[in-house]
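K.L.:
The structure file my_file_14.txt (compact mmCIF, C-alpha atoms) is provided below.
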```txt
# COMPACT_ATOMS: atom_id res chain seq x y z
CA MET A 1 -11.01 -0.95 -31.01
CA HIS A 2 -11.93 -0.06 -27.44
CA ASN A 3 -10.73 -3.48 -26.32
CA ASP A 4 -7.40 -3.18 -28.09
CA ILE A 5 -4.69 -3.21 -25.42
CA ILE A 6 -2.46 -0.70 -27.25
CA PHE A 7 -5.33 1.76 -27.60
CA SER A 8 -6.21 1.18 -23.94
CA ILE A 9 -2.65 1.91 -22.82
CA PHE A 10 -2.67 5.05 -24.99
CA LEU A 11 -5.84 6.27 -23.25
CA ILE A 12 -4.56 5.39 -19.80
CA PHE A 13 -1.17 7.06 -20.02
CA CYS A 14 -2.30 10.17 -21.89
CA GLY A 15 -5.19 10.56 -19.48
CA ALA A 16 -2.94 9.85 -16.49
CA ALA A 17 -0.43 12.48 -17.66
CA PHE A 18 -3.20 15.09 -17.90
CA LEU A 19 -4.80 14.30 -14.54
CA ALA A 20 -1.40 13.93 -12.87
CA THR A 21 -0.59 17.48 -13.99
CA LEU A 22 -3.79 18.72 -12.36
CA ALA A 23 -2.98 16.69 -9.24
CA LEU A 24 0.45 18.29 -8.93
CA PHE A 25 -0.97 21.79 -9.34
CA THR A 26 -3.53 21.05 -6.61
CA ARG A 27 -0.94 19.25 -4.45
CA GLN A 28 -2.65 15.89 -4.52
CA SER A 29 -1.32 12.35 -4.54
CA LEU A 30 -0.81 10.99 -8.06
CA LEU A 31 -2.56 7.80 -6.97
CA VAL A 32 -5.79 9.79 -6.79
CA ALA A 33 -5.35 10.85 -10.42
CA TYR A 34 -4.90 7.27 -11.62
CA ILE A 35 -7.93 5.98 -9.72
CA ILE A 36 -10.17 8.85 -10.85
CA LEU A 37 -9.09 8.21 -14.44
CA GLY A 38 -10.26 4.62 -14.08
CA VAL A 39 -13.62 5.82 -12.79
CA LEU A 40 -13.99 8.30 -15.67
CA ILE A 41 -13.08 6.18 -18.69
CA GLY A 42 -13.70 2.69 -17.31
CA PRO A 43 -16.86 0.60 -17.63
CA GLY A 44 -18.59 2.55 -14.84
CA GLY A 45 -17.85 5.91 -16.48
CA ILE A 46 -18.00 6.84 -20.16
CA GLY A 47 -16.83 3.35 -21.12
CA LEU A 48 -13.86 4.09 -23.39
CA ILE A 49 -12.29 1.00 -21.86
CA ARG A 50 -14.99 -1.59 -21.28
CA ASP A 51 -12.95 -4.62 -20.26
CA PRO A 52 -10.04 -3.77 -17.94
CA VAL A 53 -9.43 -7.42 -16.98
CA VAL A 54 -6.23 -7.77 -19.01
CA LEU A 55 -4.91 -4.47 -17.72
CA LYS A 56 -5.76 -5.55 -14.17
CA ASP A 57 -3.71 -8.71 -14.57
CA VAL A 58 -0.80 -6.71 -15.98
CA GLY A 59 -1.21 -4.12 -13.23
CA ASP A 60 -0.83 -6.83 -10.58
CA ILE A 61 2.84 -6.91 -11.55
CA GLY A 62 3.12 -3.38 -10.18
CA ILE A 63 2.05 -4.57 -6.73
CA ILE A 64 4.60 -7.38 -6.92
CA PHE A 65 7.43 -4.94 -7.66
CA LEU A 66 6.09 -2.47 -5.08
CA LEU A 67 6.36 -5.06 -2.33
CA PHE A 68 9.75 -6.25 -3.61
CA LEU A 69 11.13 -2.71 -3.45
CA LEU A 70 9.57 -2.17 -0.04
CA GLY A 71 11.44 -5.24 1.19
CA LEU A 72 14.67 -3.97 -0.37
CA ASN A 73 14.50 -0.89 1.86
CA LEU A 74 13.93 -2.84 5.08
CA GLN A 75 17.25 -4.08 6.35
CA PRO A 76 16.78 -6.72 9.08
CA GLN A 77 18.93 -4.93 11.67
CA ASN A 78 16.92 -1.73 11.24
CA LEU A 79 13.68 -3.66 11.52
CA ILE A 80 14.52 -4.80 15.05
CA LYS A 81 15.27 -1.25 16.19
CA MET A 82 12.10 0.16 14.66
CA LEU A 83 9.94 -2.64 16.04
CA ARG A 84 11.05 -1.80 19.58
CA GLN A 85 10.19 1.87 19.12
CA ALA A 86 6.59 1.68 18.02
CA THR A 87 5.21 -1.85 18.45
CA ILE A 88 2.74 -1.08 21.24
CA VAL A 89 1.57 2.16 19.62
CA THR A 90 1.05 0.52 16.24
CA LEU A 91 -0.73 -2.56 17.58
CA ALA A 92 -2.98 -0.51 19.88
CA SER A 93 -3.88 2.03 17.21
CA SER A 94 -4.50 -0.67 14.62
CA LEU A 95 -6.88 -2.45 17.01
CA ILE A 96 -8.74 0.80 17.75
CA PHE A 97 -9.16 1.67 14.07
CA ALA A 98 -10.21 -1.88 13.18
CA LEU A 99 -12.86 -1.95 15.92
CA LEU A 100 -14.07 1.49 14.94
CA GLY A 101 -14.39 0.51 11.28
CA TYR A 102 -16.04 -2.80 12.18
CA CYS A 103 -18.66 -1.19 14.43
CA VAL A 104 -19.52 1.55 11.94
CA ALA A 105 -19.79 -1.02 9.14
CA LEU A 106 -22.20 -3.11 11.21
CA ALA A 107 -24.21 0.04 11.91
CA ALA A 108 -24.32 0.60 8.15
CA ASP A 109 -25.94 -2.84 7.82
CA PHE A 110 -23.00 -4.61 6.16
CA SER A 111 -22.54 -8.33 6.73
CA ASN A 112 -20.18 -9.56 9.42
CA MET A 113 -17.52 -10.59 6.86
CA ASP A 114 -17.83 -7.23 5.07
CA ALA A 115 -17.49 -5.44 8.42
CA LEU A 116 -14.39 -7.46 9.34
CA ILE A 117 -12.63 -6.58 6.08
CA ILE A 118 -13.73 -2.94 6.24
CA GLY A 119 -12.35 -2.79 9.78
CA ALA A 120 -9.08 -4.36 8.62
CA ALA A 121 -8.81 -1.79 5.80
CA MET A 122 -9.19 1.08 8.29
CA MET A 123 -6.09 -0.04 10.23
CA PHE A 124 -3.51 1.29 7.80
CA SER A 125 -2.08 4.69 6.85
CA SER A 126 -0.66 5.59 3.47
CA THR A 127 3.06 4.84 3.20
CA ILE A 128 3.22 6.75 -0.08
CA ILE A 129 1.62 9.95 1.25
CA GLY A 130 3.34 9.66 4.62
CA LEU A 131 6.82 9.43 3.11
CA LYS A 132 6.35 11.55 -0.01
CA LEU A 133 5.18 14.53 2.08
CA LEU A 134 7.91 14.12 4.69
CA PRO A 135 10.90 16.44 4.09
CA THR A 136 14.29 14.74 3.80
CA THR A 137 15.57 16.66 6.84
CA VAL A 138 12.72 15.34 8.98
CA LEU A 139 12.97 11.90 7.45
CA HIS A 140 16.63 11.42 8.38
CA HIS A 141 17.41 13.70 11.30
CA GLN A 142 14.38 14.29 13.47
CA ARG A 143 12.39 12.17 15.88
CA THR A 144 9.13 12.88 14.06
CA GLY A 145 10.40 11.18 10.94
CA GLU A 146 11.63 8.15 12.88
CA ILE A 147 8.22 7.67 14.50
CA VAL A 148 6.37 8.02 11.17
CA ILE A 149 8.62 5.46 9.49
CA SER A 150 8.39 3.01 12.42
CA ILE A 151 4.59 3.04 12.50
CA LEU A 152 4.23 2.76 8.73
CA LEU A 153 6.71 -0.09 8.67
CA LEU A 154 4.86 -2.08 11.31
CA GLN A 155 1.55 -1.40 9.58
CA ASP A 156 3.03 -2.81 6.39
CA PHE A 157 3.84 -6.05 8.21
CA ILE A 158 0.30 -6.24 9.58
CA ALA A 159 -1.01 -5.67 6.06
CA ILE A 160 1.12 -8.53 4.72
CA PHE A 161 -0.29 -10.83 7.41
CA ILE A 162 -3.87 -9.85 6.55
CA LEU A 163 -3.19 -10.42 2.85
CA LEU A 164 -1.97 -13.90 3.74
CA MET A 165 -5.19 -14.59 5.64
CA LEU A 166 -7.32 -13.32 2.75
CA HIS A 167 -5.36 -15.45 0.32
CA ALA A 168 -5.92 -18.49 2.55
CA GLY A 169 -9.64 -17.85 2.35
CA ASN A 170 -9.86 -17.78 -1.44
CA ASP A 171 -12.87 -20.10 -1.47
CA GLY A 172 -14.95 -17.61 0.46
CA SER A 173 -14.18 -18.87 3.96
CA LEU A 174 -11.25 -19.05 6.35
CA SER A 175 -10.38 -22.39 7.95
CA LEU A 176 -7.94 -23.30 10.71
CA ILE A 177 -6.28 -25.83 8.41
CA GLU A 178 -5.54 -23.16 5.79
CA LEU A 179 -4.25 -20.71 8.41
CA GLY A 180 -2.11 -23.49 9.89
CA HIS A 181 -0.65 -24.14 6.46
CA VAL A 182 0.20 -20.45 6.14
CA ALA A 183 1.82 -20.46 9.59
CA LEU A 184 4.13 -23.30 8.51
CA ALA A 185 4.75 -22.30 4.89
CA LEU A 186 5.70 -18.68 5.63
CA PRO A 187 8.72 -19.34 7.90
CA ALA A 188 9.83 -22.14 5.57
CA LEU A 189 9.85 -19.72 2.64
CA VAL A 190 11.72 -17.09 4.66
CA ILE A 191 14.41 -19.59 5.72
CA PHE A 192 14.80 -20.86 2.15
CA ALA A 193 15.11 -17.33 0.72
CA PHE A 194 17.77 -16.28 3.23
CA LEU A 195 19.77 -19.48 2.78
CA VAL A 196 19.83 -19.16 -1.01
CA GLU A 197 20.76 -15.49 -0.70
CA ARG A 198 23.53 -16.28 1.79
CA PHE A 199 25.19 -19.15 -0.09
CA VAL A 200 24.30 -18.59 -3.75
CA LEU A 201 22.97 -15.17 -4.65
CA ILE A 202 25.50 -13.09 -2.73
CA ASN A 203 28.37 -14.84 -4.53
CA LEU A 204 26.86 -14.09 -7.94
CA ILE A 205 26.23 -10.48 -6.96
CA SER A 206 29.79 -10.03 -5.66
CA ARG A 207 31.35 -11.54 -8.76
CA PHE A 208 29.33 -9.75 -11.44
CA SER A 209 28.21 -6.56 -9.67
CA ARG A 210 29.81 -4.37 -12.36
CA ILE A 211 27.61 -5.79 -15.11
CA HIS A 212 24.45 -3.77 -14.60
CA GLU A 213 22.37 -5.68 -17.10
CA PHE A 214 23.10 -8.92 -15.28
CA MET A 215 22.22 -7.36 -11.91
CA PHE A 216 18.94 -6.13 -13.36
CA LEU A 217 18.07 -9.61 -14.65
CA VAL A 218 19.05 -11.30 -11.38
CA ALA A 219 16.87 -8.89 -9.39
CA ILE A 220 13.80 -9.53 -11.55
CA GLY A 221 14.46 -13.26 -11.59
CA TRP A 222 14.87 -13.39 -7.81
CA CYS A 223 11.70 -11.37 -7.22
CA LEU A 224 9.55 -13.43 -9.59
CA GLY A 225 11.21 -16.73 -8.62
CA ILE A 226 10.50 -16.40 -4.89
CA GLY A 227 7.07 -15.03 -5.76
CA GLN A 228 6.27 -18.08 -7.87
CA LEU A 229 7.56 -20.37 -5.13
CA ALA A 230 5.28 -18.62 -2.64
CA GLU A 231 2.36 -19.10 -5.02
CA PHE A 232 3.22 -22.80 -5.31
CA MET A 233 3.27 -23.05 -1.50
CA LYS A 234 -0.26 -21.56 -1.47
CA LEU A 235 0.88 -18.28 0.03
CA SER A 236 0.75 -15.43 -2.48
CA PHE A 237 2.98 -14.01 -5.19
CA GLU A 238 2.99 -10.62 -3.44
CA VAL A 239 4.22 -12.02 -0.14
CA GLY A 240 6.96 -13.95 -1.93
CA ALA A 241 8.13 -10.75 -3.62
CA PHE A 242 8.24 -8.96 -0.25
CA ILE A 243 10.35 -11.74 1.29
CA ALA A 244 12.64 -11.71 -1.76
CA GLY A 245 13.28 -8.01 -1.20
CA ILE A 246 14.06 -8.31 2.50
CA SER A 247 16.44 -11.22 1.87
CA ILE A 248 18.77 -9.10 -0.27
CA ALA A 249 18.27 -5.77 1.55
CA GLN A 250 21.74 -6.06 3.12
CA SER A 251 23.44 -6.55 -0.24
CA PRO A 252 25.72 -3.67 -1.28
CA VAL A 253 23.87 -3.41 -4.60
CA SER A 254 20.37 -3.29 -3.10
CA ARG A 255 20.21 0.47 -3.71
CA PHE A 256 21.14 0.03 -7.37
CA ILE A 257 18.51 -2.68 -7.77
CA ALA A 258 15.87 -0.47 -6.15
CA GLU A 259 16.64 2.45 -8.44
CA SER A 260 16.71 0.23 -11.53
CA LEU A 261 13.33 -1.36 -10.88
CA ARG A 262 11.48 1.80 -9.81
CA PRO A 263 10.48 2.88 -13.37
CA ILE A 264 9.11 -0.61 -14.09
CA ARG A 265 7.18 -0.55 -10.83
CA ASP A 266 5.70 2.88 -11.61
CA PHE A 267 4.58 1.76 -15.08
CA PHE A 268 2.66 -1.22 -13.75
CA LEU A 269 1.34 0.64 -10.70
CA ILE A 270 -0.35 3.18 -12.96
CA LEU A 271 -2.17 0.29 -14.63
CA PHE A 272 -3.01 -1.25 -11.25
CA PHE A 273 -4.53 1.88 -9.74
CA PHE A 274 -6.35 2.62 -12.99
CA SER A 275 -7.88 -0.86 -12.85
CA LEU A 276 -8.97 -0.23 -9.24
CA GLY A 277 -10.80 2.89 -10.35
CA ALA A 278 -12.26 1.11 -13.38
CA LYS A 279 -13.83 -1.48 -11.07
CA ILE A 280 -15.71 1.14 -9.06
CA ASN A 281 -19.38 0.82 -9.88
CA LEU A 282 -20.91 4.29 -9.87
CA ALA A 283 -24.31 2.75 -9.24
CA ASN A 284 -22.99 1.15 -6.05
CA LEU A 285 -21.17 4.35 -5.17
CA SER A 286 -24.42 6.31 -5.33
CA GLU A 287 -25.82 3.94 -2.71
CA ILE A 288 -22.93 4.12 -0.26
CA TRP A 289 -21.39 7.57 -0.78
CA GLU A 290 -22.85 8.90 2.47
CA TRP A 291 -21.24 6.05 4.40
CA ALA A 292 -17.98 6.59 2.50
CA VAL A 293 -17.94 10.24 3.58
CA LEU A 294 -18.71 9.17 7.15
CA PHE A 295 -15.93 6.56 7.19
CA GLY A 296 -13.44 8.98 5.66
CA GLY A 297 -14.37 11.76 8.06
CA ILE A 298 -14.17 9.50 11.11
CA MET A 299 -10.70 8.27 10.16
CA LEU A 300 -9.40 11.74 9.33
CA LEU A 301 -10.40 12.93 12.81
CA ALA A 302 -9.80 9.75 14.82
CA LYS A 303 -6.29 8.91 13.62
CA PRO A 304 -4.58 12.17 14.69
CA ALA A 305 -6.40 12.07 18.04
CA VAL A 306 -5.53 8.42 18.73
CA PHE A 307 -1.88 8.79 17.73
CA ARG A 308 -1.56 11.94 19.82
CA ALA A 309 -2.81 10.05 22.87
CA LEU A 310 -0.70 6.93 22.25
CA LEU A 311 2.52 8.78 21.37
CA GLY A 312 2.57 10.88 24.54
CA LYS A 313 5.70 9.21 25.95
CA ILE A 314 7.46 8.62 22.63
CA ALA A 315 7.10 11.87 20.70
CA PRO A 316 9.15 14.93 21.76
CA SER A 317 5.95 16.93 22.46
CA LYS A 318 2.17 16.84 22.14
CA GLU A 319 2.45 19.01 19.04
CA SER A 320 4.86 16.54 17.48
CA ALA A 321 2.55 13.63 18.36
CA TRP A 322 -0.37 15.44 16.71
CA GLU A 323 1.75 16.14 13.62
CA VAL A 324 2.60 12.44 13.32
CA GLY A 325 -1.12 11.67 13.54
CA VAL A 326 -1.96 14.16 10.81
CA ARG A 327 0.81 12.92 8.53
CA ILE A 328 -0.45 9.32 8.79
CA GLY A 329 -4.09 10.23 9.35
CA GLN A 330 -5.47 8.82 6.09
CA ILE A 331 -6.50 5.38 4.91
CA SER A 332 -3.87 3.47 2.92
CA GLU A 333 -3.09 2.14 -0.53
CA PHE A 334 -2.69 -1.14 1.37
CA SER A 335 -6.38 -0.78 2.24
CA LEU A 336 -7.10 -0.73 -1.48
CA LEU A 337 -4.98 -3.84 -1.89
CA VAL A 338 -6.79 -5.57 0.99
CA SER A 339 -10.19 -4.76 -0.55
CA TYR A 340 -8.97 -5.82 -3.98
CA THR A 341 -7.68 -9.17 -2.66
CA ALA A 342 -10.88 -9.77 -0.69
CA GLU A 343 -13.03 -9.00 -3.72
CA LYS A 344 -10.91 -11.24 -5.96
CA ASN A 345 -11.33 -14.10 -3.49
CA ASN A 346 -15.10 -13.54 -3.13
CA LEU A 347 -14.83 -12.50 0.52
CA ILE A 348 -16.46 -9.08 0.23
CA SER A 349 -19.52 -7.57 -1.43
CA GLN A 350 -19.31 -5.03 -4.22
CA SER A 351 -20.86 -2.37 -1.97
CA ALA A 352 -18.21 -2.88 0.72
CA TYR A 353 -15.50 -2.92 -1.95
CA SER A 354 -16.73 0.40 -3.36
CA LEU A 355 -17.02 1.85 0.15
CA ILE A 356 -13.38 1.15 1.00
CA GLN A 357 -12.17 2.62 -2.29
CA ALA A 358 -14.30 5.77 -2.00
CA ALA A 359 -13.36 6.39 1.64
CA THR A 360 -9.67 5.84 0.88
CA ILE A 361 -9.67 8.29 -2.04
CA LEU A 362 -11.49 10.87 0.08
CA THR A 363 -8.89 10.65 2.84
CA PHE A 364 -6.08 10.85 0.28
CA ILE A 365 -7.44 14.17 -0.99
CA VAL A 366 -8.30 15.77 2.35
CA SER A 367 -5.16 14.56 4.11
CA SER A 368 -2.88 15.82 1.33
CA TYR A 369 -4.47 19.29 1.54
CA TRP A 370 -4.22 19.28 5.31
CA ILE A 371 -0.54 18.35 5.38
CA VAL A 372 0.70 20.69 2.64
CA ASN A 373 -1.14 23.65 4.16
CA ARG A 374 -0.12 23.01 7.76
CA TYR A 375 3.26 21.23 7.95
CA PRO A 376 6.66 21.32 6.20
CA THR A 377 6.61 19.29 2.99
CA PRO A 378 8.44 19.37 -0.36
CA ILE A 379 5.23 20.71 -1.98
CA ALA A 380 3.96 22.92 0.85
CA ALA A 381 1.42 25.61 0.03
CA SER A 382 3.69 28.40 1.31
CA ASP A 383 7.40 29.15 1.00
CA ARG A 384 7.64 29.20 4.79
CA LEU A 385 6.66 25.54 5.02
CA ARG A 386 8.38 24.23 1.90
CA ARG A 387 11.22 21.88 2.83
CA ASP A 388 13.13 19.54 0.54
```
Would it be possible to restate this file's structure as structure tokens?
P.N.:
Amino acid sequence: MHNDIIFSIFLIFCGAAFLATLALFTRQSLLVAYIILGVLIGPGGIGLIRDPVVLKDVGDIGIIFLLFLLGLNLQPQNLIKMLRQATIVTLASSLIFALLGYCVALAADFSNMDALIIGAAMMFSSTIIGLKLLPTTVLHHQRTGEIVISILLLQDFIAIFILLMLHAGNDGSLSLIELGHVALALPALVIFAFLVERFVLINLISRFSRIHEFMFLVAIGWCLGIGQLAEFMKLSFEVGAFIAGISIAQSPVSRFIAESLRPIRDFFLILFFFSLGAKINLANLSEIWEWAVLFGGIMLLAKPAVFRALLGKIAPSKESAWEVGVRIGQISEFSLLVSYTAEKNNLISQSAYSLIQAATILTFIVSSYWIVNRYPTPIAASDRLRRD
């Protein structure tokens, strides 16, 4: 019965509802609740769910819709403006964090490939925490919000590129031929997606935009269709979904599509993050927990300091630059996706995989507490700081 998928979904969603309630009371990210649930009732915990493979495969759909919706919110004209604002800061900070993670991983006696992927995972900050804890007033009307969004956006693009590289190395190694194929296939897919959107999809959307059911079906079909094409071109389904989203971001119904697909995305993302937690081996965790605490602590301190230094000429003040660093001073859910992809493609050891997950969860928890107790957020610890 433990392997029955209906019983498994019952355990996951009832458990997630309970832990999510605790997370909200303690002002934590809900992602932490889902991952911890996987650790508790998965194979490495009490074993109520012993084989999360099927749920993992289903949960992958959540990542596909997550990247599709991310693309839907990135209109091409806004991308150019944001890229100009924070390109140097983002590239410089990403390089610093990657080198820092790489050097510490080598000092921890990980292999060179493990150290490279650990360093890559350290580059990113959490888009979910960064945006969810940013008040709407700051998000839309203040310079701090613009800087946060610009950096997170550019980091997302870097993450997509790294996922492409990891996908190219699915046999355990990266070759110039495979990377060359990616370099050619990616622009070809982008051009194809925008041409189809321009001459076919936009006409269908304009003609039948009042039929919501049809719009819903077209959105899912477009997302999965471009994703499948990307898979056929030996890119990845996730990258195809991201491109599909960007290609229709300028459509007048993009907002409706985003709102319609969000519940589906959330359903599958719960399964995805549960499966991540279920794959954490507590035996491995007991061996690397000290390094996980060290990695998490280094990133929590280094990211605000680095961003404060790099944002000196962009942010309105040093205090604002520090605030940006604190708000994006954690490791990212993209880091979890990078480690997951690397592990799936046999590019990373189980110890390194567990290290990235543990360090990421630690920074989620500490960073959330830091932000809600120090800066304006919708769930701030005090009435003085609470801003919707």
K.L.:
Which residues come within 12 Å of A:Leu186, counting all atoms listed in the file, excluding same-chain residues fewer than 6 positions away, as number ranges by chain?
P.N.:
A: 160-161, 164-165, 179-180, 192-193, 226, 229-236, 239-240, 242-243
K.L.:
Could you write out that same residue set with C-alpha atoms as a PDB file, keeping the file's coordinate frame?
P.N.:
```pdb
ATOM      1  CA  ILE A 160       1.120  -8.530   4.720  1.00  0.00           C
ATOM      2  CA  PHE A 161      -0.290 -10.830   7.410  1.00  0.00           C
ATOM      3  CA  LEU A 164      -1.970 -13.900   3.740  1.00  0.00           C
ATOM      4  CA  MET A 165      -5.190 -14.590   5.640  1.00  0.00           C
ATOM      5  CA  LEU A 179      -4.250 -20.710   8.410  1.00  0.00           C
ATOM      6  CA  GLY A 180      -2.110 -23.490   9.890  1.00  0.00           C
ATOM      7  CA  PHE A 192      14.800 -20.860   2.150  1.00  0.00           C
ATOM      8  CA  ALA A 193      15.110 -17.330   0.720  1.00  0.00           C
ATOM      9  CA  ILE A 226      10.500 -16.400  -4.890  1.00  0.00           C
ATOM     10  CA  LEU A 229       7.560 -20.370  -5.130  1.00  0.00           C
ATOM     11  CA  ALA A 230       5.280 -18.620  -2.640  1.00  0.00           C
ATOM     12  CA  GLU A 231       2.360 -19.100  -5.020  1.00  0.00           C
ATOM     13  CA  PHE A 232       3.220 -22.800  -5.310  1.00  0.00           C
ATOM     14  CA  MET A 233       3.270 -23.050  -1.500  1.00  0.00           C
ATOM     15  CA  LYS A 234      -0.260 -21.560  -1.470  1.00  0.00           C
ATOM     16  CA  LEU A 235       0.880 -18.280   0.030  1.00  0.00           C
ATOM     17  CA  SER A 236       0.750 -15.430  -2.480  1.00  0.00           C
ATOM     18  CA  VAL A 239       4.220 -12.020  -0.140  1.00  0.00           C
ATOM     19  CA  GLY A 240       6.960 -13.950  -1.930  1.00  0.00           C
ATOM     20  CA  PHE A 242       8.240  -8.960  -0.250  1.00  0.00           C
ATOM     21  CA  ILE A 243      10.350 -11.740   1.290  1.00  0.00           C
TER      22      ILE A 243
END
```
K.L.:
Which is closer to A:Ile41 than all the others in A:Ala302, A:Leu11, A:Ala159, A:Ile63, using only C-alpha atoms?
P.N.:
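Result for the nearest residue to A:Ile41: A:Leu11.
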K.L.:
Would you give me, as a tab-separated table, each residue of stretch 258-311 of chain A having an atom within 12 Å of an atom of stretch 205-225 of chain A, along with its shortest atom pair and that distance in Å to one decimal, using all atoms listed in the file and sorting by chain and residue number?
P.N.:
```
residue	atom	partner	partner_atom	distance
A:Ala258	CA	A:Ala219	CA	9.1
A:Glu259	CA	A:Phe216	CA	10.2
A:Ser260	CA	A:Phe216	CA	7.0
A:Leu261	CA	A:Phe216	CA	7.8
A:Arg262	CA	A:Phe216	CA	11.5
A:Ile264	CA	A:Ile220	CA	10.4
A:Arg265	CA	A:Ile220	CA	11.2
```
K.L.:
Between atom CA of A:Ser349 and atom CA of A:Asp114, what is the distance in Å, rounded to a tenth?
P.N.:
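Pair atom CA of A:Ser349 / atom CA of A:Asp114 returns 6.7 Å.
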K.L.:
Using all atoms listed in the file, which of the listed residues (A:Ile147, A:Leu116, A:Leu24, A:Ala92) sits closest to A:Leu166?
P.N.:
A:Leu116
K.L.:
Please measure the separation of atom CA of A:Gly227 and atom CA of A:Phe268, giving the value in Å to one decimal.
P.N.:
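Those two atoms sit 16.6 Å apart.
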K.L.:
Rank nothing, just name the residue among A:Glu238, A:Glu146, A:Glu197, A:Glu290 nearest to A:Ala108, using only C-alpha atoms.
P.N.:
A:Glu290
K.L.:
Have a look at A:Gln28, A:Gln357, A:Asn345, A:Asn373 and name the one nearest to A:Ile129; count all atoms listed in the file.
P.N.:
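Of A:Gln28, A:Gln357, A:Asn345, A:Asn373, the one nearest A:Ile129 is A:Gln28, counting all atoms listed in the file.
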K.L.:
Using atom CA of A:Phe273 and atom CA of A:Leu95 as the two end points, give the distance in Å to one decimal.
P.N.:
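Computing it gives 27.2 Å between the two atoms.
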K.L.:
Within 12 Å of A:Ile314, counting only C-alpha atoms, which residues show up once you throw out same-chain ones fewer than 4 positions away? Write them as a VMD selection string, please.
P.N.:
chain A and resid 84 to 89 143 to 144 146 to 148 150 to 151 307 to 310 318 320 to 322 324
K.L.:
So that I can check the surroundings of A:Ala278, please list as a PyMOL selection string every protein, DNA and RNA residue that reaches within 7 Å of it, counting all atoms listed in the file and ignoring chain neighbours fewer than 2 positions away.
P.N.:
chain A and resi 38-39+42-44+274-276+280
K.L.:
Just want the 12 Å neighbourhood of A:Asn112, counted on all atoms listed in the file, with same-chain residues fewer than 5 positions away dropped. Output as a list in words.
P.N.:
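These residues fall inside the cut-off: Gly101, Tyr102, Cys103, Val104, Ala105, Leu106, Ala107, Ile117, Ile118, Gly119, Leu347, Ile348, Ser349 and Ala352 of chain A.
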K.L.:
If we count only C-alpha atoms and set the cut-off at 8 Å, which residues sit around A:Leu285, ignoring sequence neighbours fewer than 6 positions away in its own chain? Please answer as a ChimeraX atom specification.
P.N.:
/A:351,354-355,358
K.L.:
Compare A:Phe237, A:Ile246, A:Ala292, A:Gly312 by their minimum atom-to-atom distance to A:Phe194, counting only C-alpha atoms, and give me the closest one.
P.N.:
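Ranked by minimum distance to A:Phe194, first place goes to A:Ile246.
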K.L.:
For a quick check of understanding, using all atoms listed in the file, which of A:Ile356, A:Gly329, A:Val196, A:Ser93 has the smallest distance to A:Leu311?
P.N.:
A:Ser93
